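Pasted below: work14.cif, mmCIF, C-alpha atoms.
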```
data_entry
loop_
_atom_site.group_PDB
_atom_site.id
_atom_site.type_symbol
_atom_site.label_atom_id
_atom_site.label_comp_id
_atom_site.auth_asym_id
_atom_site.auth_seq_id
_atom_site.Cartn_x
_atom_site.Cartn_y
_atom_site.Cartn_z
ATOM 1 C CA PHE W 1 -22.236 292.967 103.816
ATOM 2 C CA VAL W 2 -19.394 290.686 104.969
ATOM 3 C CA LEU W 3 -19.749 287.042 103.921
ATOM 4 C CA ASP W 4 -17.779 283.935 104.871
ATOM 5 C CA ALA W 5 -15.712 283.054 101.781
ATOM 6 C CA ALA W 6 -16.061 279.308 102.448
ATOM 7 C CA ASP W 7 -19.857 278.986 102.608
ATOM 8 C CA GLY W 8 -21.332 282.415 101.800
ATOM 9 C CA GLN W 9 -22.875 282.856 105.250
ATOM 10 C CA LEU W 10 -23.484 286.445 106.364
ATOM 11 C CA LEU W 11 -21.005 287.397 109.109
ATOM 12 C CA TRP W 12 -22.120 290.996 109.615
ATOM 13 C CA LYS W 13 -23.585 293.983 107.837
ATOM 14 C CA LYS W 14 -23.382 297.676 108.506
ATOM 15 C CA GLN W 15 -24.741 300.906 107.052
ATOM 16 C CA VAL W 16 -21.953 302.942 105.509
ATOM 17 C CA SER W 17 -21.485 306.034 107.671
ATOM 18 C CA SER W 18 -18.792 308.010 109.440
ATOM 19 C CA PHE W 19 -18.486 310.179 112.534
ATOM 20 C CA ALA W 20 -17.432 313.834 112.505
ATOM 21 C CA SER W 21 -18.017 316.881 114.710
ATOM 22 C CA GLY W 22 -19.881 314.754 117.245
ATOM 23 C CA ARG W 23 -22.486 313.396 114.827
ATOM 24 C CA ARG W 24 -23.047 310.465 112.505
ATOM 25 C CA ILE W 25 -22.811 311.231 108.772
ATOM 26 C CA SER W 26 -24.458 308.971 106.194
ATOM 27 C CA GLU W 27 -22.096 308.112 103.327
ATOM 28 C CA VAL W 28 -22.748 306.859 99.795
ATOM 29 C CA PRO W 29 -20.387 304.130 98.548
ATOM 30 C CA SER W 30 -19.122 304.910 95.061
ATOM 31 C CA ALA W 31 -17.300 301.717 94.032
ATOM 32 C CA ALA W 32 -16.472 298.214 95.215
ATOM 33 C CA PRO W 33 -14.447 297.989 98.446
ATOM 34 C CA ALA W 34 -10.918 296.705 98.910
ATOM 35 C CA ILE W 35 -9.719 294.545 101.783
ATOM 36 C CA SER W 36 -6.471 294.671 103.751
ATOM 37 C CA ASP W 37 -5.255 292.455 106.597
ATOM 38 C CA THR W 38 -7.390 294.321 109.151
ATOM 39 C CA GLN W 39 -9.845 296.585 107.304
ATOM 40 C CA ILE W 40 -12.555 296.787 104.666
ATOM 41 C CA LEU W 41 -11.844 299.963 102.697
ATOM 42 C CA VAL W 42 -14.908 301.625 101.152
ATOM 43 C CA PRO W 43 -14.641 304.571 98.694
ATOM 44 C CA THR W 44 -17.331 307.266 98.867
ATOM 45 C CA VAL W 45 -18.723 309.879 96.492
ATOM 46 C CA ARG W 46 -17.097 312.547 98.709
ATOM 47 C CA GLY W 47 -13.702 311.125 97.712
ATOM 48 C CA ASP W 48 -12.902 309.873 101.197
ATOM 49 C CA LEU W 49 -12.058 306.285 102.034
ATOM 50 C CA LEU W 50 -13.643 304.609 105.073
ATOM 51 C CA GLY W 51 -11.826 301.761 106.816
ATOM 52 C CA TYR W 52 -14.013 299.312 108.768
ATOM 53 C CA ASP W 53 -12.343 296.973 111.253
ATOM 54 C CA LEU W 54 -12.845 293.352 110.146
ATOM 55 C CA ARG W 55 -13.082 291.979 113.683
ATOM 56 C CA GLU W 56 -14.818 294.901 115.410
ATOM 57 C CA PRO W 57 -17.510 296.146 113.007
ATOM 58 C CA LYS W 58 -19.190 298.231 115.747
ATOM 59 C CA LEU W 59 -16.228 300.606 115.838
ATOM 60 C CA PHE W 60 -16.485 303.857 113.896
ATOM 61 C CA PRO W 61 -14.507 303.632 110.665
ATOM 62 C CA THR W 62 -11.140 305.209 110.030
ATOM 63 C CA ARG W 63 -11.555 308.137 107.634
ATOM 64 C CA TYR W 64 -8.957 308.887 104.985
ATOM 65 C CA GLY W 65 -9.693 312.376 103.660
ATOM 66 C CA ALA W 66 -9.382 313.224 99.960
ATOM 67 C CA LEU W 67 -10.411 315.839 97.418
ATOM 68 C CA GLY W 68 -12.835 315.079 94.587
ATOM 69 C CA ARG W 69 -14.853 311.937 94.004
ATOM 70 C CA ALA W 70 -13.658 308.351 94.277
ATOM 71 C CA LEU W 71 -15.387 306.305 91.565
ATOM 72 C CA ILE W 72 -12.924 303.421 91.198
ATOM 73 C CA GLN W 73 -12.247 300.452 93.467
ATOM 74 C CA PRO W 74 -9.105 300.997 95.593
ATOM 75 C CA ILE W 75 -6.190 298.578 95.477
ATOM 76 C CA VAL W 76 -4.159 297.197 98.373
ATOM 77 C CA ALA W 77 -0.431 296.649 97.805
ATOM 78 C CA THR W 78 1.744 295.404 100.683
ATOM 79 C CA GLN W 79 0.883 297.850 103.516
ATOM 80 C CA SER W 80 -0.658 300.586 101.336
ATOM 81 C CA VAL W 81 -4.065 301.360 99.894
ATOM 82 C CA ALA W 82 -4.286 303.539 96.775
ATOM 83 C CA TRP W 83 -7.295 305.154 95.116
ATOM 84 C CA PRO W 84 -7.776 307.818 92.417
ATOM 85 C CA THR W 85 -10.190 310.732 92.700
ATOM 86 C CA THR W 86 -11.397 313.392 90.298
ATOM 87 C CA ALA W 87 -11.968 316.983 91.459
ATOM 88 C CA ARG W 88 -14.559 319.184 89.799
ATOM 89 C CA ALA W 89 -13.502 322.417 88.149
ATOM 90 C CA ARG W 90 -14.242 325.335 90.460
ATOM 91 C CA ARG W 91 -14.921 327.734 87.634
ATOM 92 C CA ARG W 92 -15.888 327.422 84.010
ATOM 93 C CA GLY W 93 -12.918 326.884 81.723
ATOM 94 C CA SER W 94 -10.564 325.633 84.436
ATOM 95 C CA ALA W 95 -8.962 322.208 84.204
ATOM 96 C CA VAL W 96 -10.348 319.187 86.049
ATOM 97 C CA LYS W 97 -7.687 317.756 88.325
ATOM 98 C CA SER W 98 -7.202 314.139 89.253
ATOM 99 C CA TYR W 99 -5.396 312.767 92.293
ATOM 100 C CA LEU W 100 -3.957 309.444 93.383
ATOM 101 C CA TYR W 101 -4.020 309.052 97.169
ATOM 102 C CA VAL W 102 -1.863 306.523 99.002
ATOM 103 C CA ALA W 103 -2.508 305.714 102.663
ATOM 104 C CA ASN W 104 -1.694 303.090 105.279
ATOM 105 C CA ALA W 105 -3.869 300.049 104.614
ATOM 106 C CA ASN W 106 -4.098 298.778 108.187
ATOM 107 C CA GLU W 107 -4.052 301.949 110.280
ATOM 108 C CA ALA W 108 -4.934 305.620 110.045
ATOM 109 C CA GLY W 109 -2.753 307.970 108.027
ATOM 110 C CA THR W 110 -2.599 309.240 104.437
ATOM 111 C CA ARG W 111 1.024 309.328 103.284
ATOM 112 C CA TYR W 112 0.989 311.293 100.025
ATOM 113 C CA ARG W 113 -0.930 312.133 96.872
ATOM 114 C CA LEU W 114 0.014 312.359 93.208
ATOM 115 C CA GLU W 115 -1.616 315.205 91.263
ATOM 116 C CA SER W 116 -2.426 315.186 87.553
ATOM 117 C CA THR W 117 -3.943 317.895 85.371
ATOM 118 C CA GLU W 118 -5.726 315.166 83.384
ATOM 119 C CA LEU W 119 -7.856 312.200 84.380
ATOM 120 C CA ILE W 120 -5.993 309.295 86.001
ATOM 121 C CA MET W 121 -7.100 306.163 84.161
ATOM 122 C CA GLY W 122 -8.195 303.721 86.829
ATOM 123 C CA ALA W 123 -6.347 302.288 89.780
ATOM 124 C CA PRO W 124 -2.568 301.948 89.510
ATOM 125 C CA ALA W 125 -0.812 298.693 88.723
ATOM 126 C CA PHE W 126 1.878 297.594 91.160
ATOM 127 C CA GLN W 127 4.866 295.297 91.315
ATOM 128 C CA THR W 128 7.162 294.174 94.120
ATOM 129 C CA PHE W 129 10.775 293.468 93.200
ATOM 130 C CA GLY W 130 13.728 293.108 95.554
ATOM 131 C CA GLY W 131 11.560 294.020 98.533
ATOM 132 C CA GLN W 132 10.514 297.333 96.934
ATOM 133 C CA THR W 133 6.997 297.964 95.624
ATOM 134 C CA ARG W 134 6.305 300.409 92.797
ATOM 135 C CA PHE W 135 3.083 301.924 91.499
ATOM 136 C CA PHE W 136 2.459 302.486 87.777
ATOM 137 C CA VAL W 137 -0.043 305.251 87.041
ATOM 138 C CA ALA W 138 -1.553 306.115 83.625
ATOM 139 C CA ALA W 139 -3.191 309.471 82.885
ATOM 140 C CA ARG W 140 -5.097 310.882 79.960
ATOM 141 C CA ASP W 141 -2.255 313.351 79.255
ATOM 142 C CA GLY W 142 -0.315 310.403 77.789
ATOM 143 C CA PHE W 143 2.135 309.897 80.653
ATOM 144 C CA LEU W 144 2.849 306.584 82.377
ATOM 145 C CA THR W 145 4.435 307.315 85.754
ATOM 146 C CA CYS W 146 6.326 304.973 88.085
ATOM 147 C CA ILE W 147 6.588 305.967 91.757
ATOM 148 C CA SER W 148 7.727 304.362 94.990
ATOM 149 C CA GLU W 149 4.809 302.809 96.854
ATOM 150 C CA ARG W 150 6.228 303.791 100.224
ATOM 151 C CA SER W 151 7.336 307.383 99.665
ATOM 152 C CA GLY W 152 5.806 308.546 96.378
ATOM 153 C CA ARG W 153 9.280 309.285 94.984
ATOM 154 C CA LEU W 154 9.337 309.545 91.182
ATOM 155 C CA ILE W 155 11.298 306.658 89.637
ATOM 156 C CA TRP W 156 10.595 307.306 85.940
ATOM 157 C CA ARG W 157 8.043 308.886 83.603
ATOM 158 C CA PHE W 158 7.251 307.749 80.065
ATOM 159 C CA SER W 159 5.339 309.746 77.432
ATOM 160 C CA THR W 160 3.314 307.857 74.833
ATOM 161 C CA GLY W 161 2.435 311.015 72.914
ATOM 162 C CA GLU W 162 -1.217 309.885 72.860
ATOM 163 C CA PRO W 163 -4.072 310.135 75.388
ATOM 164 C CA LEU W 164 -4.185 306.989 77.512
ATOM 165 C CA ALA W 165 -7.547 305.281 77.890
ATOM 166 C CA HIS W 166 -7.044 302.380 80.327
ATOM 167 C CA GLN W 167 -5.348 301.600 83.596
ATOM 168 C CA PRO W 168 -1.946 299.922 83.103
ATOM 169 C CA VAL W 169 -1.220 296.243 83.691
ATOM 170 C CA VAL W 170 2.118 294.708 84.654
ATOM 171 C CA PHE W 171 3.539 291.227 83.976
ATOM 172 C CA GLY W 172 7.141 290.301 84.656
ATOM 173 C CA ASN W 173 9.335 293.206 83.637
ATOM 174 C CA GLY W 174 6.760 294.685 81.261
ATOM 175 C CA VAL W 175 4.223 297.429 81.933
ATOM 176 C CA TYR W 176 1.449 297.634 79.329
ATOM 177 C CA THR W 177 -0.629 300.723 78.693
ATOM 178 C CA MET W 178 -3.211 301.439 75.977
ATOM 179 C CA SER W 179 -3.931 304.675 74.165
ATOM 180 C CA GLU W 180 -7.237 306.191 73.136
ATOM 181 C CA HIS W 181 -6.269 305.758 69.468
ATOM 182 C CA GLY W 182 -5.867 301.980 69.631
ATOM 183 C CA GLY W 183 -2.211 301.430 70.477
ATOM 184 C CA ILE W 184 -0.634 299.289 73.196
ATOM 185 C CA PHE W 185 2.828 300.056 74.555
ATOM 186 C CA ARG W 186 5.161 297.747 76.410
ATOM 187 C CA VAL W 187 7.457 299.719 78.716
ATOM 188 C CA ASP W 188 10.381 298.255 80.659
ATOM 189 C CA ALA W 189 9.311 298.272 84.318
ATOM 190 C CA THR W 190 12.839 298.990 85.546
ATOM 191 C CA SER W 191 14.082 301.663 83.147
ATOM 192 C CA GLY W 192 10.854 303.196 81.818
ATOM 193 C CA LYS W 193 12.049 302.724 78.207
ATOM 194 C CA GLU W 194 9.712 301.703 75.388
ATOM 195 C CA VAL W 195 10.164 298.062 74.317
ATOM 196 C CA TRP W 196 7.542 297.943 71.560
ATOM 197 C CA ARG W 197 4.268 299.422 70.342
ATOM 198 C CA SER W 198 1.450 297.569 68.565
ATOM 199 C CA SER W 199 -1.567 299.117 66.841
ATOM 200 C CA GLY W 200 -5.235 298.117 66.665
ATOM 201 C CA ILE W 201 -5.582 297.296 70.394
ATOM 202 C CA TYR W 202 -8.342 298.821 72.521
ATOM 203 C CA GLY W 203 -8.575 296.604 75.585
ATOM 204 C CA PHE W 204 -6.834 293.976 77.718
ATOM 205 C CA VAL W 205 -8.182 290.569 78.808
ATOM 206 C CA ALA W 206 -5.343 288.424 80.212
ATOM 207 C CA ALA W 207 -1.742 287.285 79.703
ATOM 208 C CA SER W 208 0.256 284.061 79.812
ATOM 209 C CA ARG W 209 4.042 283.575 79.909
ATOM 210 C CA ASP W 210 4.602 284.654 76.300
ATOM 211 C CA ARG W 211 1.230 285.908 75.025
ATOM 212 C CA LEU W 212 -1.090 288.843 75.637
ATOM 213 C CA TYR W 213 -4.823 288.544 75.031
ATOM 214 C CA CYS W 214 -6.309 291.886 74.027
ATOM 215 C CA THR W 215 -9.362 293.204 72.169
ATOM 216 C CA ASP W 216 -9.701 295.243 69.005
ATOM 217 C CA ALA W 217 -12.277 297.853 67.993
ATOM 218 C CA VAL W 218 -14.944 295.277 67.049
ATOM 219 C CA GLY W 219 -14.558 292.998 70.082
ATOM 220 C CA ARG W 220 -12.320 290.281 68.619
ATOM 221 C CA VAL W 221 -9.573 288.871 70.852
ATOM 222 C CA ILE W 222 -6.115 289.615 69.443
ATOM 223 C CA VAL W 223 -3.241 287.408 70.591
ATOM 224 C CA LEU W 224 0.042 289.332 70.811
ATOM 225 C CA ASP W 225 3.583 288.057 71.265
ATOM 226 C CA ALA W 226 4.676 289.451 74.641
ATOM 227 C CA VAL W 227 8.328 289.750 73.535
ATOM 228 C CA THR W 228 7.896 291.460 70.153
ATOM 229 C CA GLY W 229 4.330 292.821 70.160
ATOM 230 C CA SER W 230 3.521 291.113 66.859
ATOM 231 C CA HIS W 231 0.015 289.781 66.164
ATOM 232 C CA ARG W 232 -0.003 285.971 66.464
ATOM 233 C CA ALA W 233 -3.697 285.074 66.163
ATOM 234 C CA VAL W 234 -7.257 286.378 66.161
ATOM 235 C CA ILE W 235 -10.128 284.813 68.132
ATOM 236 C CA SER W 236 -13.615 285.626 66.884
ATOM 237 C CA ALA W 237 -15.386 286.670 70.070
ATOM 238 C CA ASN W 238 -17.605 289.486 68.802
ATOM 239 C CA LYS W 239 -20.761 287.995 70.293
ATOM 240 C CA LEU W 240 -19.177 287.703 73.733
ATOM 241 C CA ASN W 241 -19.844 291.272 74.836
ATOM 242 C CA LEU W 242 -18.500 290.812 78.366
ATOM 243 C CA LYS W 243 -14.726 290.445 78.671
ATOM 244 C CA LEU W 244 -13.344 290.674 82.197
ATOM 245 C CA VAL W 245 -9.856 292.032 82.832
ATOM 246 C CA ASN W 246 -7.746 289.403 84.618
ATOM 247 C CA THR W 247 -4.318 290.524 85.857
ATOM 248 C CA LEU W 248 -3.869 287.664 88.348
ATOM 249 C CA THR W 249 -3.735 284.527 86.152
ATOM 250 C CA ASP W 250 -3.683 283.468 82.494
ATOM 251 C CA ARG W 251 -7.407 282.537 82.438
ATOM 252 C CA LEU W 252 -9.662 284.377 79.950
ATOM 253 C CA TYR W 253 -13.094 285.177 81.393
ATOM 254 C CA MET W 254 -15.608 286.099 78.694
ATOM 255 C CA GLY W 255 -19.368 285.914 78.384
ATOM 256 C CA THR W 256 -22.566 287.775 77.589
ATOM 257 C CA ARG W 257 -24.602 290.293 79.519
ATOM 258 C CA THR W 258 -27.540 287.851 79.447
ATOM 259 C CA GLY W 259 -25.880 285.342 81.791
ATOM 260 C CA LEU W 260 -23.303 283.236 79.922
ATOM 261 C CA LEU W 261 -19.788 283.083 81.420
ATOM 262 C CA GLN W 262 -16.870 281.083 79.981
ATOM 263 C CA CYS W 263 -13.335 280.477 81.239
ATOM 264 C CA LEU W 264 -10.741 279.747 78.536
ATOM 265 C CA HIS W 265 -7.074 278.776 78.798
ATOM 266 C CA GLU W 266 -4.174 277.610 76.656
ATOM 267 C CA PRO W 267 -4.358 273.791 76.168
ATOM 268 C CA GLU W 268 -0.934 273.121 77.669
ATOM 269 C CA HIS W 269 -1.754 274.918 80.926
ATOM 270 C CA ASP W 270 -4.349 272.964 82.912
ATOM 271 C CA TRP W 271 -3.688 275.013 86.024
ATOM 272 C CA PRO W 272 -3.635 278.831 86.263
ATOM 273 C CA LEU W 273 -0.226 280.459 85.925
#
```

Write out the structure in this file as structure tokens.
Amino acid sequence: FVLDAADGQLLWKKQVSSFASGRRISEVPSAAPAISDTQILVPTVRGDLLGYDLREPKLFPTRYGALGRALIQPIVATQSVAWPTTARARRRGSAVKSYLYVANANEAGTRYRLESTELIMGAPAFQTFGGQTRFFVAARDGFLTCISERSGRLIWRFSTGEPLAHQPVVFGNGVYTMSEHGGIFRVDATSGKEVWRSSGIYGFVAASRDRLYCTDAVGRVIVLDAVTGSHRAVISANKLNLKLVNTLTDRLYMGTRTGLLQCLHEPEHDWPL
């Protein structure tokens, strides 16, 4: 379904399907779509990505082939679309592989893929600096990898020594990644060097200019100093069992699974940063 963002009116709808070997193939969407300048990009349980033309919905979609299953919403960065997949083990005892595919966001063509022997934790984070865009990819093997968005060239690789449990987030010159054992690392986005590590952190909510808002094991919001990683405050939010990850602004979106939604912000910032 494609809705007008201004008034919510339905513009068009279409059954998700593709065309191969002279016949129509029904597809099953596996996650939320992404949108580029010209296409709606829909991941499928087959691992492929289908690109539907925004202005000509009657056209057959562009198919971006991939191995495994795509269960996470793709991201669009500059002229690229990126999505992780997980491939099943072909025989008992063999490792499950995970891939990150990067393709052209507005036209046909897959450019490269990154392969990992462990699960890639969510979609990559990205940052554009000096006209160059970089992807930051976290995997369960404990490695945080930085690659060129355009070519896939390795820029740096950082080992946390612990299994990673969440997709990374990036603010300014800091890349933040969280381990399965409750640790958050700040890594310099340029050099790939560790800046600090803080314990007792299991999730991310939002960030402002000098603070990170994270969650601990019991659902409280922990306020961290972005420069040093020290704990600055604790917000009792145990009963708010829905905490949305916001990497775009400093707003904290929290609520309950029964319908309550709240937006919180620092008092001195009336407008989103």

Go through stretch 90-120 of chain W residue by residue and, counting all atoms listed in the file, keep those with an atom at most 8 Å from stretch 130-153 of chain W; for each kept residue give the shortest atom pair and its distance in Å to one decimal, ordered by chain and increasing number, as a Markdown table.
```
| residue | atom | partner | partner_atom | distance |
| --- | --- | --- | --- | --- |
| W:Val102 | CA | W:Glu149 | CA | 7.9 |
| W:Arg111 | CA | W:Ser151 | CA | 7.5 |
| W:Tyr112 | CA | W:Gly152 | CA | 6.6 |
| W:Arg113 | CA | W:Gly152 | CA | 7.6 |
| W:Leu114 | CA | W:Gly152 | CA | 7.6 |
| W:Ser116 | CA | W:Ala139 | CA | 7.4 |
| W:Thr117 | CA | W:Asp141 | CA | 7.8 |
| W:Glu118 | CA | W:Arg140 | CA | 5.5 |
| W:Leu119 | CA | W:Arg140 | CA | 5.4 |
| W:Ile120 | CA | W:Ala139 | CA | 4.2 |
```

Would you export the selected residues with C-alpha atoms as a short mmCIF file (atom, residue, chain, number, x, y, z; two decimals), in the frame of the given file, please?
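Below you can see out-v1.cif, which holds the result:
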```
data_model
loop_
_atom_site.label_atom_id
_atom_site.label_comp_id
_atom_site.auth_asym_id
_atom_site.auth_seq_id
_atom_site.Cartn_x
_atom_site.Cartn_y
_atom_site.Cartn_z
CA VAL W 102 -1.86 306.52 99.00
CA ARG W 111 1.02 309.33 103.28
CA TYR W 112 0.99 311.29 100.02
CA ARG W 113 -0.93 312.13 96.87
CA LEU W 114 0.01 312.36 93.21
CA SER W 116 -2.43 315.19 87.55
CA THR W 117 -3.94 317.90 85.37
CA GLU W 118 -5.73 315.17 83.38
CA LEU W 119 -7.86 312.20 84.38
CA ILE W 120 -5.99 309.30 86.00
#
```

#### Entry: Residue among W:Leu59, W:Leu41, W:Ala206, W:Leu50 lying closest to W:Ser26, counting all atoms listed in the file
W:Leu50

Write out as JSON an axis-aligned box for stretch 177-196 of chain W: all of its atoms listed in the file, 6 Å added on each side, centre and edge lengths in Å with one decimal.
```
{"center_x": 3.4, "center_y": 302.0, "center_z": 77.5, "size_x": 33.3, "size_y": 20.4, "size_z": 28.1}
```

### Message
Report, in Å with one decimal, the straight-line distance from atom CA of W:Gln167 to atom CA of W:Leu240.
### Response
21.9 Å

#### Entry: Matched chain/residue IDs from the PyMOL selection byres ((chain W and resi 230-236) around 12), as a PyMOL selection string
chain W and resi 184-186+196-201+210-216+218-229+237-241+252+254+264

Within 6 Å of W:Tyr99, counting all atoms listed in the file, which residues show up once you throw out same-chain ones fewer than 3 positions away? Write them as a PDB file with C-alpha atoms, in the frame of the given file, please.
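Listing of out27.pdb after writing:
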```pdb
ATOM      1  CA  PRO W  84      -7.776 307.818  92.417  1.00  0.00           C
ATOM      2  CA  THR W  85     -10.190 310.732  92.700  1.00  0.00           C
ATOM      3  CA  LEU W 114       0.014 312.359  93.208  1.00  0.00           C
ATOM      4  CA  GLU W 115      -1.616 315.205  91.263  1.00  0.00           C
TER       5      GLU W 115
END
```

### Atom-to-atom span, atom CA of W:Asp37 and atom CA of W:Gly51, Å
11.4 Å

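Atom to atom, atom CA of W:Ala32 and atom CA of W:Asn106 stand 17.9 Å apart.
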
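The shell of residues at most 6 Å from W:Gln39, with all atoms listed in the file counted and near chain neighbours (fewer than 5 positions) removed, consists of Gly51, Tyr52, Asp53 and Leu54 of chain W.
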
### Task
Please provide as a list in words all residues within 10 Å of W:Ser30, with the sequence filter that same-chain residues fewer than 5 positions apart are discarded (counting all atoms listed in the file).
Val42, Pro43, Thr44, Val45, Arg46, Gly47, Arg69, Ala70, Leu71, Ile72 and Gln73 of chain W

Just C-alpha atoms for this one: save the residues we selected as a short mmCIF file (atom, residue, chain, number, x, y, z; two decimals), in the frame of the given file.
```
data_model
loop_
_atom_site.label_atom_id
_atom_site.label_comp_id
_atom_site.auth_asym_id
_atom_site.auth_seq_id
_atom_site.Cartn_x
_atom_site.Cartn_y
_atom_site.Cartn_z
CA VAL W 42 -14.91 301.62 101.15
CA PRO W 43 -14.64 304.57 98.69
CA THR W 44 -17.33 307.27 98.87
CA VAL W 45 -18.72 309.88 96.49
CA ARG W 46 -17.10 312.55 98.71
CA GLY W 47 -13.70 311.12 97.71
CA ARG W 69 -14.85 311.94 94.00
CA ALA W 70 -13.66 308.35 94.28
CA LEU W 71 -15.39 306.30 91.56
CA ILE W 72 -12.92 303.42 91.20
CA GLN W 73 -12.25 300.45 93.47
#
```

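The residue that comes closest to W:Leu248, out of W:Thr110, W:Gln127, W:Ser36, W:Ser80 and on the basis of all atoms listed in the file, is W:Gln127.
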
Report as a PDB file with C-alpha atoms, in the coordinates of the input the full result of the PyMOL selection byres ((chain W and resi 27) around 6) when it is applied to this structure.
```
ATOM      1  CA  VAL W  16     -21.953 302.942 105.509  1.00  0.00           C
ATOM      2  CA  SER W  17     -21.485 306.034 107.671  1.00  0.00           C
ATOM      3  CA  SER W  26     -24.458 308.971 106.194  1.00  0.00           C
ATOM      4  CA  VAL W  28     -22.748 306.859  99.795  1.00  0.00           C
TER       5      VAL W  28
END
```
